[in-house]
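Report on the structure given below.
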Amino acid sequence: MASTSAASTFLQFHSLSSSQLFITKLPNNNNNNNQISLSFSSSSKQTSNYNKRVYAKAVSTDSQKPLTQDKQNTPSSSSSKLVLVLGASGGQLVTASLLQRNIKSRLILRDLEKAKALFGEQDEERLQVFKGDTRKEGDLDPSIFEGVTHVICCTGTTAFPSRRWDDENTPERVDWVGVKNLISVLPSSVKRVVLVSSIGVTKCNELPWNIMNLFGVLKYKKMGEEFLQNSGFPYTIIRPGRLTDGPYTSYDLNTLLKATAGQRRAVLIGQGDKLVGEASRIVVAEACIQALDLEITENQIYEVSSVEGEGPGNDTQKWRELFEAARSS
């Protein structure tokens with residue numbers, strides 16, 4: 001009975017993404033900030049190319065106030081930096097935070113009609129949205145990667161058979177083949193690749209992880225990790241616990257981020273696949289962004305979970321201390 005209960009606790013370790021995310025702008029009569037509403041849907045057939053950019057707003061995981069552009073407390077916002085983001089709901093959270101920091105971003109989605117619905121009118125100086133499918137080697141046009149300096153990959157699917165497995169969206173195709181295809185076409189100019197994986201990938205033969213891995217999700221995530229480690233690119237692998245705070249429907253982004261921060265703002269970071277627990281998608285997105293530039297995170301693997309208490313928010317020094325503590329423990 002205990003094992004069954006434990007297994008059910010870890011059924012959502014698969015990825016930062018959950019389902020397709022749609023965002024449309026809403027008027028805001030109280031201030032000059034843009035607001036956007038969110039809804040989720042399953043994948044649909046890809047359509048014609050659409051290449052635009054977007055403004056977005058995010059809030060701190062700690063104080064629940066809008067993220068500032070303080071260069072001393074946030075990752076660098078050099079105009080030469082271009083971050084490629086992959087993934088559905090998780091990718092949107094990452095992209096919003098990057099844009100708030102004034103970091104140029106490029107987002108790859110499978111369905112660009114959805115991207116049009118997602119972002120509406122877009123600023124062509126801040127975000128590029130490209131059509132691409134990492135599961136299909138020939139679908140990743142080299143032009144997508146021109147000028148990219150950093151990569152955050154949040155792709156994933158469900159651990160067990162579901163409607164999300166339609167169109168070959170299985171763990172093998174997403175977590176192994178997709179990651180391999182992506183890494184294989186990246187230009188040598190990429191300075192860091194951050195990959196979102198899962199805790200438990202080294203424990204596939206132990207309870208409750210062997211139940212989680214019945215259809216290979218942990219095995220294929222580990223294969224993706226190893227391919228990145230052997231690629232020669234500087235990397236950081238983030239292994240979150242069971243993902244919380246989502247999916248959501250009919251939330252504007254600011255409300256979403258405030259709601260998910262809640263009381264679980266404190267962050268636990270470990271190494272050696274020993275950490276267990278839950279991880280807020282907001283915390284995981286922030287961990288990915290912070291890892292882009294911190295030298296201490298280069299070629300390292302970290303497990304991440306979130307618990308009740310005050311957290312690091314978007315303070316780079318606090319995140320550096322957390323990553324350093326994990327390495328010294």
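Order determines the names: the first chain of the structure tokens is A, the second B, and so forth; residues in each chain are numbered 1 upward, and ligands are numbered 1 upward as they are shown.
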
(message) Which residues are close to Val185 (chain A), i.e. within 8 Å by only C-alpha atoms, leaving aside same-chain residues fewer than 3 positions away? Reply as a PyMOL selection string.
(response) chain A and resi 140+142+181-182

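Using only C-alpha atoms, the residues found no farther than 10 Å from Phe233 (chain A), other than those of its own chain fewer than 3 positions away, are Ile183, Leu186, Pro187, Ser188, Ser189, Val190, Lys191, Arg192, Val193, Leu228, Gln229, Asn230, Thr236, Glu298 and Asn299 of chain A.
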
(request) Between A:Thr157, A:Thr149, A:Ser97, A:Ser80, single out the one closest to Ile282 (chain A), counting only C-alpha atoms. (result)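 Distance minimum relative to Ile282 (chain A) lands on A:Ser97.
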
Can you pull out every residue within 7 Å of region 101-107 of chain A, counting only C-alpha atoms, but drop anything in the same chain fewer than 3 positions away, and send it as a compact mmCIF listing (two decimals) with all heavy atoms, in the first residue's frame?
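Generated output (result10.txt):
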```txt
# COMPACT_ATOMS: atom_id res chain seq x y z
N GLN A 69 14.43 44.79 -13.78
CA GLN A 69 15.52 44.60 -14.73
C GLN A 69 16.84 45.03 -14.09
O GLN A 69 17.71 45.60 -14.73
CB GLN A 69 15.25 45.39 -16.01
CG GLN A 69 14.02 44.88 -16.75
CD GLN A 69 13.76 45.63 -18.02
OE1 GLN A 69 14.59 46.39 -18.50
NE2 GLN A 69 12.59 45.43 -18.59
N SER A 77 21.62 40.83 -19.44
CA SER A 77 20.66 41.12 -20.50
C SER A 77 21.37 41.73 -21.70
O SER A 77 20.90 42.68 -22.29
CB SER A 77 19.58 42.07 -19.99
OG SER A 77 20.18 43.24 -19.46
N LYS A 81 22.87 38.49 -26.59
CA LYS A 81 22.38 37.21 -26.10
C LYS A 81 21.06 36.86 -26.77
O LYS A 81 20.15 37.69 -26.85
CB LYS A 81 22.20 37.31 -24.59
CG LYS A 81 21.91 36.00 -23.88
CD LYS A 81 21.90 36.26 -22.39
CE LYS A 81 21.75 35.00 -21.58
NZ LYS A 81 21.78 35.29 -20.14
N LEU A 82 20.94 35.63 -27.24
CA LEU A 82 19.72 35.15 -27.87
C LEU A 82 19.44 33.75 -27.35
O LEU A 82 20.20 32.82 -27.60
CB LEU A 82 19.86 35.13 -29.39
CG LEU A 82 18.68 34.56 -30.18
CD1 LEU A 82 17.39 35.31 -29.86
CD2 LEU A 82 18.96 34.60 -31.68
N VAL A 83 18.35 33.60 -26.60
CA VAL A 83 18.02 32.34 -25.95
C VAL A 83 16.94 31.61 -26.73
O VAL A 83 15.85 32.15 -26.96
CB VAL A 83 17.55 32.57 -24.50
CG1 VAL A 83 17.25 31.23 -23.82
CG2 VAL A 83 18.60 33.34 -23.71
N LEU A 84 17.24 30.39 -27.13
CA LEU A 84 16.27 29.53 -27.79
C LEU A 84 15.51 28.73 -26.74
O LEU A 84 16.12 28.09 -25.87
CB LEU A 84 16.98 28.57 -28.75
CG LEU A 84 16.10 27.58 -29.50
CD1 LEU A 84 15.25 28.30 -30.55
CD2 LEU A 84 16.95 26.50 -30.17
N VAL A 85 14.18 28.77 -26.78
CA VAL A 85 13.34 28.08 -25.79
C VAL A 85 12.46 27.06 -26.50
O VAL A 85 11.85 27.36 -27.52
CB VAL A 85 12.45 29.09 -25.03
CG1 VAL A 85 11.63 28.37 -23.96
CG2 VAL A 85 13.31 30.19 -24.39
N LEU A 86 12.39 25.87 -25.95
CA LEU A 86 11.56 24.81 -26.49
C LEU A 86 10.68 24.25 -25.40
O LEU A 86 11.12 24.03 -24.28
CB LEU A 86 12.40 23.68 -27.09
CG LEU A 86 13.35 24.09 -28.21
CD1 LEU A 86 14.74 24.34 -27.66
CD2 LEU A 86 13.40 23.03 -29.31
N THR A 95 9.97 31.97 -21.34
CA THR A 95 10.03 33.07 -22.30
C THR A 95 9.55 34.38 -21.69
O THR A 95 10.16 35.44 -21.89
CB THR A 95 9.19 32.73 -23.54
OG1 THR A 95 9.68 31.51 -24.12
CG2 THR A 95 9.26 33.84 -24.57
N SER A 97 9.67 35.36 -18.60
CA SER A 97 10.67 35.88 -17.68
C SER A 97 11.89 36.42 -18.42
O SER A 97 12.48 37.42 -18.01
CB SER A 97 11.11 34.79 -16.70
OG SER A 97 10.06 34.45 -15.83
N LEU A 98 12.26 35.78 -19.51
CA LEU A 98 13.38 36.27 -20.31
C LEU A 98 13.06 37.64 -20.90
O LEU A 98 13.89 38.56 -20.90
CB LEU A 98 13.70 35.29 -21.44
CG LEU A 98 14.37 33.98 -21.04
CD1 LEU A 98 14.43 33.03 -22.24
CD2 LEU A 98 15.78 34.22 -20.50
N ARG A 126 11.80 41.60 -30.01
CA ARG A 126 12.02 40.91 -28.73
C ARG A 126 11.89 39.40 -28.79
O ARG A 126 12.62 38.70 -28.10
CB ARG A 126 11.05 41.46 -27.68
CG ARG A 126 11.16 42.96 -27.51
CD ARG A 126 10.48 43.43 -26.25
NE ARG A 126 11.19 42.94 -25.07
CZ ARG A 126 10.74 43.15 -23.84
NH1 ARG A 126 9.59 43.76 -23.65
NH2 ARG A 126 11.42 42.71 -22.82
N LEU A 127 10.97 38.87 -29.56
CA LEU A 127 10.79 37.42 -29.60
C LEU A 127 10.50 36.95 -31.01
O LEU A 127 9.64 37.50 -31.70
CB LEU A 127 9.65 36.98 -28.68
CG LEU A 127 9.28 35.50 -28.74
CD1 LEU A 127 10.38 34.63 -28.16
CD2 LEU A 127 7.97 35.22 -28.02
N GLN A 128 11.20 35.92 -31.43
CA GLN A 128 10.92 35.24 -32.69
C GLN A 128 10.25 33.91 -32.38
O GLN A 128 10.66 33.20 -31.46
CB GLN A 128 12.21 34.98 -33.46
CG GLN A 128 12.95 36.25 -33.87
CD GLN A 128 14.29 35.93 -34.51
OE1 GLN A 128 14.90 34.90 -34.23
NE2 GLN A 128 14.74 36.81 -35.37
N VAL A 129 9.22 33.59 -33.14
CA VAL A 129 8.54 32.31 -32.98
C VAL A 129 8.67 31.52 -34.28
O VAL A 129 8.25 31.99 -35.33
CB VAL A 129 7.05 32.50 -32.63
CG1 VAL A 129 6.38 31.15 -32.43
CG2 VAL A 129 6.90 33.34 -31.37
N PHE A 130 9.28 30.35 -34.20
CA PHE A 130 9.50 29.51 -35.37
C PHE A 130 8.70 28.22 -35.27
O PHE A 130 8.47 27.70 -34.18
CB PHE A 130 10.98 29.14 -35.50
CG PHE A 130 11.84 30.22 -36.10
CD1 PHE A 130 12.34 31.24 -35.31
CD2 PHE A 130 12.16 30.21 -37.44
CE1 PHE A 130 13.13 32.23 -35.84
CE2 PHE A 130 12.94 31.19 -37.99
CZ PHE A 130 13.45 32.21 -37.19
```

(request) DSSP on the backbone, then: every residue of region 172-267 of chain A marked strand (DSSP E), written as a PyMOL selection string. (result) chain A and resi 192-196+235-240+242-244+251-252+266-267

Dump as a compact mmCIF listing (two decimals), in the first residue's frame, selection limited to C-alpha atoms:
```txt
# COMPACT_ATOMS: atom_id res chain seq x y z
CA ARG A 192 25.06 26.85 -22.63
CA VAL A 193 22.30 24.27 -23.02
CA VAL A 194 19.86 23.90 -20.12
CA LEU A 195 17.78 20.73 -20.25
CA VAL A 196 14.78 20.02 -18.01
CA TYR A 235 25.32 22.19 -20.22
CA THR A 236 23.19 22.35 -17.10
CA ILE A 237 20.56 19.68 -16.42
CA ILE A 238 17.67 20.55 -14.12
CA ARG A 239 15.76 17.62 -12.61
CA PRO A 240 12.55 18.86 -10.99
CA ARG A 242 6.69 16.32 -9.25
CA LEU A 243 5.55 19.41 -11.09
CA THR A 244 2.89 21.56 -9.47
CA TYR A 251 -5.73 32.81 -16.17
CA ASP A 252 -3.94 35.99 -17.14
CA ALA A 266 11.64 28.37 -0.91
CA VAL A 267 13.89 26.27 -3.12
```

(request) Just give me the gap between CA of Gly87 (chain A) and CA of Cys154 (chain A) in Å, one decimal is fine. (result)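 One can read the CA of Gly87 (chain A) to CA of Cys154 (chain A) distance as 4.6 Å.
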
(request) To one decimal in Å, tell me the separation between CA of Thr158 (chain A) and CA of Ala279 (chain A). (result)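 Going from CA of Thr158 (chain A) over to CA of Ala279 (chain A) covers 16.4 Å.
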
(request) Quick one: pull the distance between CA of Glu124 (chain A) and CA of Gly156 (chain A), Å, one decimal. (result)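 We find that CA of Glu124 (chain A) and CA of Gly156 (chain A) lie 28.0 Å from each other.
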
(message) Run DSSP on the backbone and tell me which residues of region 167-267 of chain A come out as alpha helix (DSSP H); list them as a PyMOL selection string.
(response) chain A and resi 171+179-185+209-212+217-229+253-261

Go ahead and write the selection's residues with N, CA, C and O atoms as a short mmCIF file (atom, residue, chain, number, x, y, z; two decimals), in the first residue's frame.
```cif
data_model
loop_
_atom_site.label_atom_id
_atom_site.label_comp_id
_atom_site.auth_asym_id
_atom_site.auth_seq_id
_atom_site.Cartn_x
_atom_site.Cartn_y
_atom_site.Cartn_z
N PRO A 171 7.31 9.28 -24.84
CA PRO A 171 8.58 9.59 -24.19
C PRO A 171 9.79 9.31 -25.07
O PRO A 171 10.76 10.09 -25.06
N VAL A 179 15.40 15.31 -28.11
CA VAL A 179 16.58 15.95 -27.52
C VAL A 179 17.81 15.68 -28.37
O VAL A 179 18.63 16.58 -28.63
N LYS A 180 17.96 14.46 -28.85
CA LYS A 180 19.11 14.11 -29.71
C LYS A 180 19.10 14.95 -30.99
O LYS A 180 20.14 15.48 -31.41
N ASN A 181 17.93 15.06 -31.63
CA ASN A 181 17.83 15.85 -32.86
C ASN A 181 18.18 17.31 -32.61
O ASN A 181 18.87 17.94 -33.42
N LEU A 182 17.70 17.85 -31.49
CA LEU A 182 17.98 19.25 -31.17
C LEU A 182 19.47 19.49 -30.97
O LEU A 182 20.05 20.39 -31.58
N ILE A 183 20.08 18.70 -30.11
CA ILE A 183 21.50 18.88 -29.80
C ILE A 183 22.36 18.72 -31.06
O ILE A 183 23.35 19.42 -31.24
N SER A 184 21.94 17.83 -31.95
CA SER A 184 22.73 17.53 -33.14
C SER A 184 22.79 18.68 -34.14
O SER A 184 23.71 18.73 -34.96
N VAL A 185 21.82 19.59 -34.09
CA VAL A 185 21.79 20.67 -35.07
C VAL A 185 22.18 22.03 -34.48
O VAL A 185 22.20 23.03 -35.19
N TRP A 209 10.08 4.46 -8.59
CA TRP A 209 10.52 4.92 -9.91
C TRP A 209 10.28 3.88 -11.01
O TRP A 209 10.04 4.24 -12.16
N ASN A 210 10.35 2.59 -10.66
CA ASN A 210 10.12 1.57 -11.68
C ASN A 210 8.67 1.59 -12.17
O ASN A 210 8.38 1.21 -13.31
N ILE A 211 7.75 2.04 -11.31
CA ILE A 211 6.36 2.21 -11.76
C ILE A 211 6.26 3.41 -12.68
O ILE A 211 5.62 3.37 -13.73
N MET A 212 6.90 4.48 -12.28
CA MET A 212 6.93 5.67 -13.12
C MET A 212 7.54 5.38 -14.49
O MET A 212 7.13 5.95 -15.50
N VAL A 217 9.71 6.50 -19.56
CA VAL A 217 9.94 7.94 -19.54
C VAL A 217 11.25 8.31 -18.86
O VAL A 217 12.00 9.17 -19.36
N LEU A 218 11.57 7.65 -17.74
CA LEU A 218 12.82 7.97 -17.05
C LEU A 218 14.03 7.47 -17.83
O LEU A 218 15.07 8.14 -17.87
N LYS A 219 13.90 6.31 -18.44
CA LYS A 219 14.98 5.78 -19.26
C LYS A 219 15.31 6.72 -20.41
O LYS A 219 16.49 7.03 -20.66
N TYR A 220 14.29 7.20 -21.10
CA TYR A 220 14.54 8.07 -22.26
C TYR A 220 15.02 9.45 -21.84
O TYR A 220 15.83 10.07 -22.55
N LYS A 221 14.57 9.94 -20.70
CA LYS A 221 15.10 11.21 -20.21
C LYS A 221 16.59 11.07 -19.88
O LYS A 221 17.39 11.97 -20.16
N LYS A 222 16.97 9.95 -19.28
CA LYS A 222 18.37 9.72 -18.96
C LYS A 222 19.20 9.61 -20.24
O LYS A 222 20.34 10.13 -20.30
N MET A 223 18.66 9.00 -21.27
CA MET A 223 19.37 8.91 -22.54
C MET A 223 19.58 10.30 -23.14
O MET A 223 20.64 10.60 -23.69
N GLY A 224 18.56 11.14 -23.02
CA GLY A 224 18.70 12.50 -23.50
C GLY A 224 19.76 13.26 -22.72
O GLY A 224 20.56 14.02 -23.29
N GLU A 225 19.78 13.08 -21.40
CA GLU A 225 20.81 13.70 -20.57
C GLU A 225 22.20 13.28 -21.03
O GLU A 225 23.11 14.12 -21.19
N GLU A 226 22.39 12.00 -21.22
CA GLU A 226 23.71 11.49 -21.57
C GLU A 226 24.16 11.97 -22.94
O GLU A 226 25.36 12.25 -23.15
N PHE A 227 23.22 12.11 -23.87
CA PHE A 227 23.59 12.62 -25.19
C PHE A 227 24.08 14.05 -25.07
O PHE A 227 25.08 14.44 -25.71
N LEU A 228 23.40 14.87 -24.26
CA LEU A 228 23.83 16.24 -24.05
C LEU A 228 25.20 16.27 -23.36
O LEU A 228 26.08 17.06 -23.76
N GLN A 229 25.39 15.45 -22.36
CA GLN A 229 26.66 15.42 -21.64
C GLN A 229 27.82 15.07 -22.56
O GLN A 229 28.95 15.57 -22.37
N LEU A 253 -1.52 35.99 -17.14
CA LEU A 253 -0.21 35.53 -16.71
C LEU A 253 0.17 36.04 -15.32
O LEU A 253 0.70 35.31 -14.49
N ASN A 254 -0.13 37.30 -15.05
CA ASN A 254 0.22 37.84 -13.74
C ASN A 254 -0.52 37.11 -12.62
O ASN A 254 0.06 36.76 -11.59
N THR A 255 -1.80 36.84 -12.82
CA THR A 255 -2.57 36.11 -11.83
C THR A 255 -2.03 34.70 -11.66
O THR A 255 -1.92 34.18 -10.55
N LEU A 256 -1.66 34.08 -12.76
CA LEU A 256 -1.10 32.73 -12.73
C LEU A 256 0.15 32.68 -11.88
O LEU A 256 0.28 31.84 -10.99
N LEU A 257 1.08 33.58 -12.12
CA LEU A 257 2.34 33.53 -11.40
C LEU A 257 2.17 33.87 -9.92
O LEU A 257 2.84 33.29 -9.07
N LYS A 258 1.29 34.78 -9.61
CA LYS A 258 1.03 35.08 -8.21
C LYS A 258 0.41 33.88 -7.50
O LYS A 258 0.78 33.55 -6.37
N ALA A 259 -0.51 33.22 -8.19
CA ALA A 259 -1.18 32.07 -7.58
C ALA A 259 -0.20 30.93 -7.34
O ALA A 259 -0.26 30.27 -6.31
N THR A 260 0.70 30.70 -8.27
CA THR A 260 1.61 29.57 -8.13
C THR A 260 2.69 29.83 -7.10
O THR A 260 3.20 28.89 -6.50
N ALA A 261 3.04 31.10 -6.87
CA ALA A 261 4.07 31.38 -5.87
C ALA A 261 3.59 30.93 -4.50
O ALA A 261 4.27 30.18 -3.80
#
```
